[in-house]
Amino acid sequence: MSYQGFGNTSGITVSKNIIMIDTFKGVDLTSAPSNVNISRSPEAPNMIRDVPGKVRKRLGYHLTGTYSGTINGVYILNDKQLVHAGTKLYYNNTAVYSDMNDARGRAWQIDGKLYIVDGKTFLIAEESENTVKVKKATDDAFIPTIYVGKSPDGSGGSNPQAFNLLSTKWKETFLGNGTSTDYQLSVANIDSAVIVKQMDAKGNWNTVDTSKYTVDKTNGLIKFKTAPEKPPAAGQPNIEIQASSAERAEYADTINKCSISIVFGQNGSMDTLFLSGNPDMPNRDFHSDYEERTYFRDDSDSIIGNDDSEIIGYSIINNYLATHKNSTEDGRNIFMRYSSKDDVVEVDKYGNKVPLYRIMNTVQGEGAIGKHTFAYINEPLFATKRGIFAVTSADITGEKYTQNRSFYINKALESEDLSKAYVCAWKDFYVIATSNRVYLLDTLQKNYEKNTPYSTFQYECYYWEIKNISAVWSSNNILSFGTTEGKTYSFYTDAESVDYYNDNGKAIAARWDIPDLDGKNFFKNKTFRYMSVKIAPAITCGFSAYALSRGTWTKLFNTGARSNYFDFSYIDFGKINFSSDTTPRTLGSKIKVKKVDRARFSIRNEEKNEPLEIYEVAFEYTQGGNFKG
């Protein structure tokens, strides 16, 4: 039998005047309810996919911590959680650092250290004696040797390393000649904190006592009272001078003010920090040395595109680094970079060979808008003004545009400020937390939507009614979030326990609305006479059925305890049912929604500690006569 009135009828069997729905995908908040596919819902708060094609009420959450200040982020160091709340960083509810920027940050663990950027100070956290120690990167930054083998008068030598933007210190080595007492540094106006070392006949470096030399700070000159001897081996430097200049302190803010980061490297290796987000340099980023993450050469910056648009974030696509900018006039908003250890190097301003991260191509598409909306689940996803987009591997050639993945919630996202959203990857879901709601893209369920011809597919979507979230994260497959009020919460994980269907003790209001049903002929009168729902059983569960006709919701029936089964470990005498049957329940009731052209139905559970999982829904109706309005 052909069936008219539902568009795509996948998952529907129609026999005479019976409608059966056995596939439940996700929500469609973009289409009008009358145009929503029967397998989706125009309104379904606090529902989630169970297995593909079936939906259930989400699990609740419980309080895990209370802090002073907005939760700006949680960073993971060797499975230990560091909570960034307000201006403090906490470990085990104890502040381990108290001068954070009161803004969202980002952190990456490399070689057992956690590198944190927050727009104020570049920090390093390490485990130490059952606690966590945090220090400023500038306090222990790599000290480069900027000259090797100079003559005492400052001439000659080579430049093995560049100055470090994070450090006011540097080293220079000299070839002693046995007669010169004055050793000229390459920088004037130095500080008094000078360290001098001399190599002995056995090749060991020994610190020279400060009584054996004086420092001319203005001219950058070290004056030995006795001329150092010649090197033990000809041509080998035997004097090393470490100096510092306060004038270089201002360069550290180039890195400290960064708030965006990612780990990348040559051939796609994960060993180099890329930082950006400095408001004074919106279209520049900086990369560390691949061995020393506190070493940022003073020419390590890259200018990405025009200065009229800023860098928003990064994605990694195969072995390429995608740098995302906000919208530009010509639409080239993503810059693809690559570097090979085998054949791509450049010569810096000192003549040294260093990695070159060259721009291979630019991708046209939507500009990114949220610095904390980048996550990778099967493909890199990010937020734009038009919804959630992805960049596929084919886009590296520049032959395609970025592709939309959030068609079914795009209209709802238009009312959200995605520039302030926070996302994370949780299991198969891309989780978007705004101040109003949580949205989820289910990367396990793809649909080839004809209304988005420039995108190969769309993800099914869900949404949860939770407000005031400031950060969201996943650790060990447990989804957690922080709030603007300084609270942290984690979602329960055991879907079989009815005790976990509450939000910190409060009931969860969940529902699944069926799209408008208009029968075989939309212009005919219909009277819906029976409704049946197959749900998963539980110790305590059930639902209320509602109908919307002529603009008014009416309660049809409540299942009461008919879907429960008996378990001595959980007894609620108000909902008791002595049945021991743990198989799915089919619960139906006669209804009367008469003489309508269409009707919408809703399956709701708003009770504390009650799950709801929907397997199938069926309706029986009669039809006759033309609808007159």
# chains A, B, ... in the order shown; residues from 1 in each chain; ligands from 1
>>> select_by_dssp(residues="range 339-555 of chain A", states="helix (DSSP H, G or I)", output="JSON, numbers by chain")
{"A": [393, 394, 395, 396, 397, 407, 408, 409, 410, 411, 412, 413, 418, 419, 420, 498, 499, 500]}
>>> write_last_selection(atoms="N, CA, C and O atoms", output="PDB file, in the first residue's frame")
ATOM      1  N   SER A 393      38.907  15.218   4.654  1.00  0.00           N
ATOM      2  CA  SER A 393      40.234  15.080   4.064  1.00  0.00           C
ATOM      3  C   SER A 393      40.252  15.535   2.613  1.00  0.00           C
ATOM      4  O   SER A 393      41.270  16.000   2.112  1.00  0.00           O
ATOM      5  N   ALA A 394      39.128  15.431   1.930  1.00  0.00           N
ATOM      6  CA  ALA A 394      39.070  15.866   0.538  1.00  0.00           C
ATOM      7  C   ALA A 394      39.241  17.363   0.412  1.00  0.00           C
ATOM      8  O   ALA A 394      39.642  17.871  -0.630  1.00  0.00           O
ATOM      9  N   ASP A 395      38.946  18.102   1.485  1.00  0.00           N
ATOM     10  CA  ASP A 395      39.029  19.550   1.426  1.00  0.00           C
ATOM     11  C   ASP A 395      40.469  20.064   1.354  1.00  0.00           C
ATOM     12  O   ASP A 395      40.696  21.230   1.079  1.00  0.00           O
ATOM     13  N   ILE A 396      41.441  19.195   1.616  1.00  0.00           N
ATOM     14  CA  ILE A 396      42.835  19.614   1.548  1.00  0.00           C
ATOM     15  C   ILE A 396      43.188  20.105   0.143  1.00  0.00           C
ATOM     16  O   ILE A 396      43.985  21.021  -0.039  1.00  0.00           O
ATOM     17  N   THR A 397      42.548  19.510  -0.863  1.00  0.00           N
ATOM     18  CA  THR A 397      42.841  19.905  -2.237  1.00  0.00           C
ATOM     19  C   THR A 397      42.200  21.232  -2.603  1.00  0.00           C
ATOM     20  O   THR A 397      42.498  21.803  -3.641  1.00  0.00           O
ATOM     21  N   PHE A 407      22.163  20.102  10.535  1.00  0.00           N
ATOM     22  CA  PHE A 407      20.939  20.609   9.928  1.00  0.00           C
ATOM     23  C   PHE A 407      19.748  20.541  10.879  1.00  0.00           C
ATOM     24  O   PHE A 407      18.942  21.473  10.959  1.00  0.00           O
ATOM     25  N   TYR A 408      19.642  19.448  11.632  1.00  0.00           N
ATOM     26  CA  TYR A 408      18.438  19.219  12.425  1.00  0.00           C
ATOM     27  C   TYR A 408      18.340  20.120  13.665  1.00  0.00           C
ATOM     28  O   TYR A 408      17.272  20.175  14.288  1.00  0.00           O
ATOM     29  N   ILE A 409      19.403  20.813  14.012  1.00  0.00           N
ATOM     30  CA  ILE A 409      19.325  21.752  15.136  1.00  0.00           C
ATOM     31  C   ILE A 409      19.789  23.152  14.738  1.00  0.00           C
ATOM     32  O   ILE A 409      19.947  24.020  15.596  1.00  0.00           O
ATOM     33  N   ASN A 410      20.011  23.386  13.461  1.00  0.00           N
ATOM     34  CA  ASN A 410      20.523  24.689  13.024  1.00  0.00           C
ATOM     35  C   ASN A 410      19.641  25.848  13.456  1.00  0.00           C
ATOM     36  O   ASN A 410      20.120  26.903  13.874  1.00  0.00           O
ATOM     37  N   LYS A 411      18.325  25.669  13.347  1.00  0.00           N
ATOM     38  CA  LYS A 411      17.423  26.763  13.719  1.00  0.00           C
ATOM     39  C   LYS A 411      17.545  27.082  15.202  1.00  0.00           C
ATOM     40  O   LYS A 411      17.531  28.251  15.597  1.00  0.00           O
ATOM     41  N   ALA A 412      17.667  26.060  16.031  1.00  0.00           N
ATOM     42  CA  ALA A 412      17.829  26.280  17.470  1.00  0.00           C
ATOM     43  C   ALA A 412      19.175  26.932  17.767  1.00  0.00           C
ATOM     44  O   ALA A 412      19.278  27.810  18.638  1.00  0.00           O
ATOM     45  N   LEU A 413      20.211  26.539  17.041  1.00  0.00           N
ATOM     46  CA  LEU A 413      21.540  27.107  17.276  1.00  0.00           C
ATOM     47  C   LEU A 413      21.598  28.583  16.899  1.00  0.00           C
ATOM     48  O   LEU A 413      22.456  29.315  17.410  1.00  0.00           O
ATOM     49  N   LEU A 418      27.121  30.864  20.017  1.00  0.00           N
ATOM     50  CA  LEU A 418      28.105  29.792  19.889  1.00  0.00           C
ATOM     51  C   LEU A 418      29.535  30.282  20.085  1.00  0.00           C
ATOM     52  O   LEU A 418      30.437  29.470  20.287  1.00  0.00           O
ATOM     53  N   SER A 419      29.748  31.595  20.025  1.00  0.00           N
ATOM     54  CA  SER A 419      31.095  32.101  20.292  1.00  0.00           C
ATOM     55  C   SER A 419      31.500  31.845  21.742  1.00  0.00           C
ATOM     56  O   SER A 419      32.681  31.817  22.073  1.00  0.00           O
ATOM     57  N   LYS A 420      30.506  31.634  22.612  1.00  0.00           N
ATOM     58  CA  LYS A 420      30.778  31.366  24.024  1.00  0.00           C
ATOM     59  C   LYS A 420      30.467  29.926  24.401  1.00  0.00           C
ATOM     60  O   LYS A 420      30.489  29.573  25.584  1.00  0.00           O
ATOM     61  N   VAL A 498      17.826   2.572  38.463  1.00  0.00           N
ATOM     62  CA  VAL A 498      16.829   3.643  38.494  1.00  0.00           C
ATOM     63  C   VAL A 498      17.239   4.782  39.419  1.00  0.00           C
ATOM     64  O   VAL A 498      16.722   5.894  39.314  1.00  0.00           O
ATOM     65  N   ASP A 499      18.179   4.522  40.328  1.00  0.00           N
ATOM     66  CA  ASP A 499      18.630   5.559  41.263  1.00  0.00           C
ATOM     67  C   ASP A 499      19.381   6.683  40.565  1.00  0.00           C
ATOM     68  O   ASP A 499      19.639   7.726  41.178  1.00  0.00           O
ATOM     69  N   TYR A 500      19.757   6.484  39.320  1.00  0.00           N
ATOM     70  CA  TYR A 500      20.590   7.456  38.612  1.00  0.00           C
ATOM     71  C   TYR A 500      19.792   8.323  37.637  1.00  0.00           C
ATOM     72  O   TYR A 500      20.378   9.062  36.848  1.00  0.00           O
TER      73      TYR A 500
END
>>> closest_atom_pairs(of="range 215-266 of chain A", to="range 164-182 of chain A", cutoff="8 Å", atoms="only C-alpha atoms", output="Markdown table")
| residue | atom | partner | partner_atom | distance |
| --- | --- | --- | --- | --- |
| A:Leu221 | CA | A:Asp182 | CA | 6.7 |
| A:Ile222 | CA | A:Asp182 | CA | 5.7 |
| A:Lys223 | CA | A:Asp182 | CA | 4.6 |
| A:Phe224 | CA | A:Thr181 | CA | 4.8 |
| A:Lys225 | CA | A:Thr181 | CA | 6.7 |
| A:Thr226 | CA | A:Thr181 | CA | 6.3 |
| A:Ala227 | CA | A:Thr181 | CA | 4.5 |
| A:Pro228 | CA | A:Gly178 | CA | 5.4 |
| A:Glu229 | CA | A:Gly178 | CA | 4.2 |
| A:Lys230 | CA | A:Gly176 | CA | 4.7 |
| A:Pro231 | CA | A:Gly176 | CA | 6.2 |
| A:Gly235 | CA | A:Leu175 | CA | 7.1 |
| A:Gln236 | CA | A:Leu175 | CA | 6.8 |
| A:Pro237 | CA | A:Leu175 | CA | 4.6 |
| A:Asn238 | CA | A:Leu175 | CA | 5.8 |
| A:Ile239 | CA | A:Phe174 | CA | 5.0 |
| A:Glu240 | CA | A:Thr173 | CA | 4.3 |
| A:Ile241 | CA | A:Glu172 | CA | 5.4 |
| A:Gln242 | CA | A:Lys171 | CA | 4.3 |
| A:Ala243 | CA | A:Lys169 | CA | 5.6 |
| A:Ser244 | CA | A:Lys169 | CA | 4.2 |
| A:Ser245 | CA | A:Thr168 | CA | 5.5 |
| A:Ala246 | CA | A:Thr168 | CA | 6.4 |
| A:Glu247 | CA | A:Thr168 | CA | 7.7 |
| A:Arg248 | CA | A:Thr168 | CA | 5.1 |
| A:Ala249 | CA | A:Thr168 | CA | 5.6 |
| A:Tyr251 | CA | A:Leu165 | CA | 5.3 |
| A:Ala252 | CA | A:Leu166 | CA | 4.5 |
| A:Asp253 | CA | A:Leu166 | CA | 7.9 |
| A:Thr254 | CA | A:Leu165 | CA | 7.3 |
| A:Ile255 | CA | A:Leu166 | CA | 7.0 |
>>> residues_around(residues="Pro42 in chain A", least_positions_apart="6", cutoff="7 Å", atoms="only C-alpha atoms", output="PyMOL selection string")
chain A and resi 27-29+33+36+513+515
>>> select_by_dssp(residues="range 308-392 of chain A", states="strand (DSSP E or B)", output="JSON, numbers by chain")
{"A": [311, 312, 313, 314, 315, 316, 317, 320, 321, 322, 323, 324, 325, 332, 333, 334, 335, 336, 337, 338, 345, 346, 347, 353, 354, 355, 358, 359, 360, 361, 362, 363, 364, 368, 375, 376, 377, 379, 380, 381, 382, 383, 384, 387, 388, 389, 390]}
>>> write_last_selection(atoms="N, CA and C atoms", output="compact mmCIF listing (two decimals), in the first residue's frame")
# COMPACT_ATOMS: atom_id res chain seq x y z
N ILE A 311 42.62 34.32 14.32
CA ILE A 311 42.66 32.87 14.44
C ILE A 311 41.73 32.47 15.58
N ILE A 312 40.84 31.50 15.31
CA ILE A 312 39.87 31.07 16.31
C ILE A 312 40.25 29.72 16.92
N GLY A 313 40.85 28.84 16.13
CA GLY A 313 41.22 27.53 16.66
C GLY A 313 41.89 26.67 15.63
N TYR A 314 42.11 25.40 16.00
CA TYR A 314 42.85 24.46 15.15
C TYR A 314 42.11 23.13 15.04
N SER A 315 42.35 22.47 13.91
CA SER A 315 41.96 21.08 13.71
C SER A 315 43.13 20.35 13.08
N ILE A 316 43.18 19.05 13.29
CA ILE A 316 44.19 18.22 12.64
C ILE A 316 43.48 17.28 11.68
N ILE A 317 43.89 17.31 10.42
CA ILE A 317 43.31 16.47 9.38
C ILE A 317 44.44 15.65 8.77
N TYR A 320 47.95 17.12 8.46
CA TYR A 320 47.88 18.56 8.20
C TYR A 320 47.32 19.29 9.42
N LEU A 321 47.81 20.48 9.63
CA LEU A 321 47.28 21.36 10.66
C LEU A 321 46.37 22.38 9.99
N ALA A 322 45.08 22.34 10.36
CA ALA A 322 44.12 23.30 9.83
C ALA A 322 43.98 24.44 10.82
N THR A 323 44.29 25.65 10.39
CA THR A 323 44.16 26.83 11.23
C THR A 323 42.90 27.58 10.81
N HIS A 324 41.96 27.71 11.73
CA HIS A 324 40.66 28.30 11.43
C HIS A 324 40.63 29.77 11.83
N LYS A 325 40.10 30.59 10.92
CA LYS A 325 39.92 32.00 11.22
C LYS A 325 38.43 32.34 11.15
N ARG A 332 38.04 32.50 2.40
CA ARG A 332 39.15 31.58 2.64
C ARG A 332 39.49 31.64 4.12
N ASN A 333 38.87 30.75 4.89
CA ASN A 333 38.94 30.85 6.35
C ASN A 333 39.75 29.74 7.02
N ILE A 334 40.21 28.77 6.24
CA ILE A 334 40.98 27.66 6.83
C ILE A 334 42.28 27.51 6.05
N PHE A 335 43.38 27.53 6.77
CA PHE A 335 44.72 27.44 6.18
C PHE A 335 45.32 26.10 6.56
N MET A 336 45.70 25.32 5.55
CA MET A 336 46.26 23.99 5.75
C MET A 336 47.78 24.05 5.73
N ARG A 337 48.41 23.57 6.81
CA ARG A 337 49.87 23.57 6.90
C ARG A 337 50.42 22.17 7.08
N TYR A 338 51.65 22.01 6.61
CA TYR A 338 52.30 20.70 6.67
C TYR A 338 53.81 20.90 6.79
N VAL A 345 62.74 22.37 5.37
CA VAL A 345 63.34 23.19 6.42
C VAL A 345 63.45 24.60 5.88
N GLU A 346 63.64 25.52 6.78
CA GLU A 346 63.91 26.88 6.37
C GLU A 346 65.10 27.39 7.16
N VAL A 347 65.69 28.46 6.69
CA VAL A 347 66.82 29.07 7.39
C VAL A 347 66.30 30.30 8.12
N LYS A 353 68.97 26.06 10.32
CA LYS A 353 67.91 25.29 9.71
C LYS A 353 66.90 24.89 10.77
N VAL A 354 65.65 25.26 10.55
CA VAL A 354 64.57 24.97 11.50
C VAL A 354 63.37 24.45 10.73
N PRO A 355 62.42 23.79 11.40
CA PRO A 355 61.24 23.26 10.69
C PRO A 355 60.46 24.37 10.00
N ARG A 358 54.75 25.03 6.21
CA ARG A 358 54.33 25.81 5.06
C ARG A 358 52.83 25.64 4.81
N ILE A 359 52.21 26.70 4.32
CA ILE A 359 50.80 26.67 3.96
C ILE A 359 50.66 25.95 2.63
N MET A 360 49.95 24.82 2.67
CA MET A 360 49.78 24.01 1.47
C MET A 360 48.57 24.45 0.66
N ASN A 361 47.54 24.95 1.36
CA ASN A 361 46.33 25.34 0.65
C ASN A 361 45.43 26.11 1.61
N THR A 362 44.44 26.75 1.06
CA THR A 362 43.39 27.38 1.86
C THR A 362 42.06 26.77 1.45
N VAL A 363 41.15 26.69 2.40
CA VAL A 363 39.85 26.08 2.16
C VAL A 363 38.77 27.14 2.31
N GLN A 364 37.91 27.21 1.33
CA GLN A 364 36.79 28.14 1.42
C GLN A 364 35.66 27.49 2.18
N ALA A 368 35.04 30.11 11.59
CA ALA A 368 34.78 29.63 12.95
C ALA A 368 34.42 30.80 13.86
N ALA A 375 36.48 19.98 18.22
CA ALA A 375 36.64 18.62 18.74
C ALA A 375 36.71 17.66 17.56
N TYR A 376 37.35 16.54 17.80
CA TYR A 376 37.51 15.55 16.73
C TYR A 376 36.77 14.27 17.12
N ILE A 377 35.78 13.88 16.30
CA ILE A 377 35.11 12.58 16.42
C ILE A 377 34.90 12.07 15.00
N GLU A 379 35.91 13.01 12.46
CA GLU A 379 36.31 14.13 11.62
C GLU A 379 36.35 15.38 12.52
N PRO A 380 37.10 16.40 12.11
CA PRO A 380 37.15 17.62 12.92
C PRO A 380 35.86 18.44 12.78
N LEU A 381 35.29 18.82 13.91
CA LEU A 381 34.05 19.59 13.94
C LEU A 381 34.29 20.92 14.64
N PHE A 382 33.56 21.96 14.22
CA PHE A 382 33.72 23.28 14.83
C PHE A 382 32.46 24.09 14.58
N ALA A 383 32.27 25.14 15.38
CA ALA A 383 31.06 25.95 15.31
C ALA A 383 31.25 27.15 14.39
N THR A 384 30.19 27.48 13.67
CA THR A 384 30.15 28.67 12.82
C THR A 384 28.82 29.37 13.08
N GLY A 387 25.93 27.02 12.14
CA GLY A 387 25.82 25.71 12.75
C GLY A 387 27.17 25.04 12.90
N ILE A 388 27.14 23.73 13.06
CA ILE A 388 28.36 22.94 13.24
C ILE A 388 28.82 22.42 11.89
N PHE A 389 30.10 22.67 11.59
CA PHE A 389 30.66 22.27 10.30
C PHE A 389 31.83 21.32 10.50
N ALA A 390 32.17 20.65 9.41
CA ALA A 390 33.31 19.73 9.41
C ALA A 390 34.19 20.01 8.21
>>> residues_around(residues="Asn72 in chain A", least_positions_apart="4", cutoff="7 Å", atoms="only C-alpha atoms", output="number ranges by chain")
A: 84-86, 103-105, 470-471
>>> closest_residue(among="A:Ser549, A:Ser68, A:Thr214, A:Ser475", to="Lys526 in chain A", atoms="only C-alpha atoms")
A:Ser549
>>> residues_around(residues="Thr552 in chain A", least_positions_apart="6", cutoff="12 Å", atoms="only C-alpha atoms", output="list in words")
Tyr546, Val593, Ala599, Arg600 and Phe601 of chain A
>>> write_last_selection(atoms="N, CA and C atoms", output="compact mmCIF listing (two decimals), in the first residue's frame")
# COMPACT_ATOMS: atom_id res chain seq x y z
N TYR A 546 0.07 12.27 25.85
CA TYR A 546 -0.66 13.51 25.60
C TYR A 546 -0.93 13.64 24.11
N VAL A 593 -9.32 11.24 19.98
CA VAL A 593 -8.97 12.54 19.42
C VAL A 593 -9.72 12.60 18.10
N ALA A 599 -2.93 15.44 14.21
CA ALA A 599 -2.72 15.47 15.66
C ALA A 599 -1.27 15.15 15.95
N ARG A 600 -0.80 15.70 17.05
CA ARG A 600 0.55 15.41 17.52
C ARG A 600 0.44 14.72 18.87
N PHE A 601 1.30 13.73 19.10
CA PHE A 601 1.26 12.99 20.36
C PHE A 601 2.59 13.11 21.08
>>> closest_residue(among="A:Phe374, A:Phe528, A:Tyr462, A:Tyr454", to="Gln403 in chain A", atoms="only C-alpha atoms")
A:Tyr454
>>> residues_around(residues="Tyr463 in chain A", least_positions_apart="3", cutoff="7 Å", atoms="only C-alpha atoms", output="CSV table (one decimal) with N, CA, C and O atoms, in the first residue's frame")
chain,number,residue,atom,x,y,z
A,45,PRO,N,13.1,17.0,24.8
A,45,PRO,CA,14.1,17.4,25.8
A,45,PRO,C,14.6,16.2,26.6
A,45,PRO,O,13.8,15.3,26.9
A,46,ASN,N,15.9,16.1,26.9
A,46,ASN,CA,16.4,15.1,27.8
A,46,ASN,C,16.3,13.7,27.4
A,46,ASN,O,16.2,12.8,28.2
A,437,ARG,N,21.3,25.4,27.0
A,437,ARG,CA,21.1,24.0,26.7
A,437,ARG,C,22.4,23.3,26.4
A,437,ARG,O,23.4,23.9,26.2
A,438,VAL,N,22.2,21.9,26.4
A,438,VAL,CA,23.3,21.1,25.9
A,438,VAL,C,22.7,20.4,24.6
A,438,VAL,O,21.6,19.9,24.6
A,439,TYR,N,23.5,20.5,23.5
A,439,TYR,CA,23.1,19.9,22.2
A,439,TYR,C,24.1,18.8,22.0
A,439,TYR,O,25.3,18.9,22.3
A,440,LEU,N,23.7,17.7,21.3
A,440,LEU,CA,24.5,16.6,21.0
A,440,LEU,C,24.4,16.2,19.6
A,440,LEU,O,23.2,16.0,19.1
>>> atom_distance(atom1="CA of Cys541 in chain A", atom2="CA of Lys506 in chain A")
16.0 Å
>>> residues_around(residues="Lys120 in chain A", least_positions_apart="4", cutoff="6 Å", atoms="only C-alpha atoms", output="PyMOL selection string")
chain A and resi 101+256-257
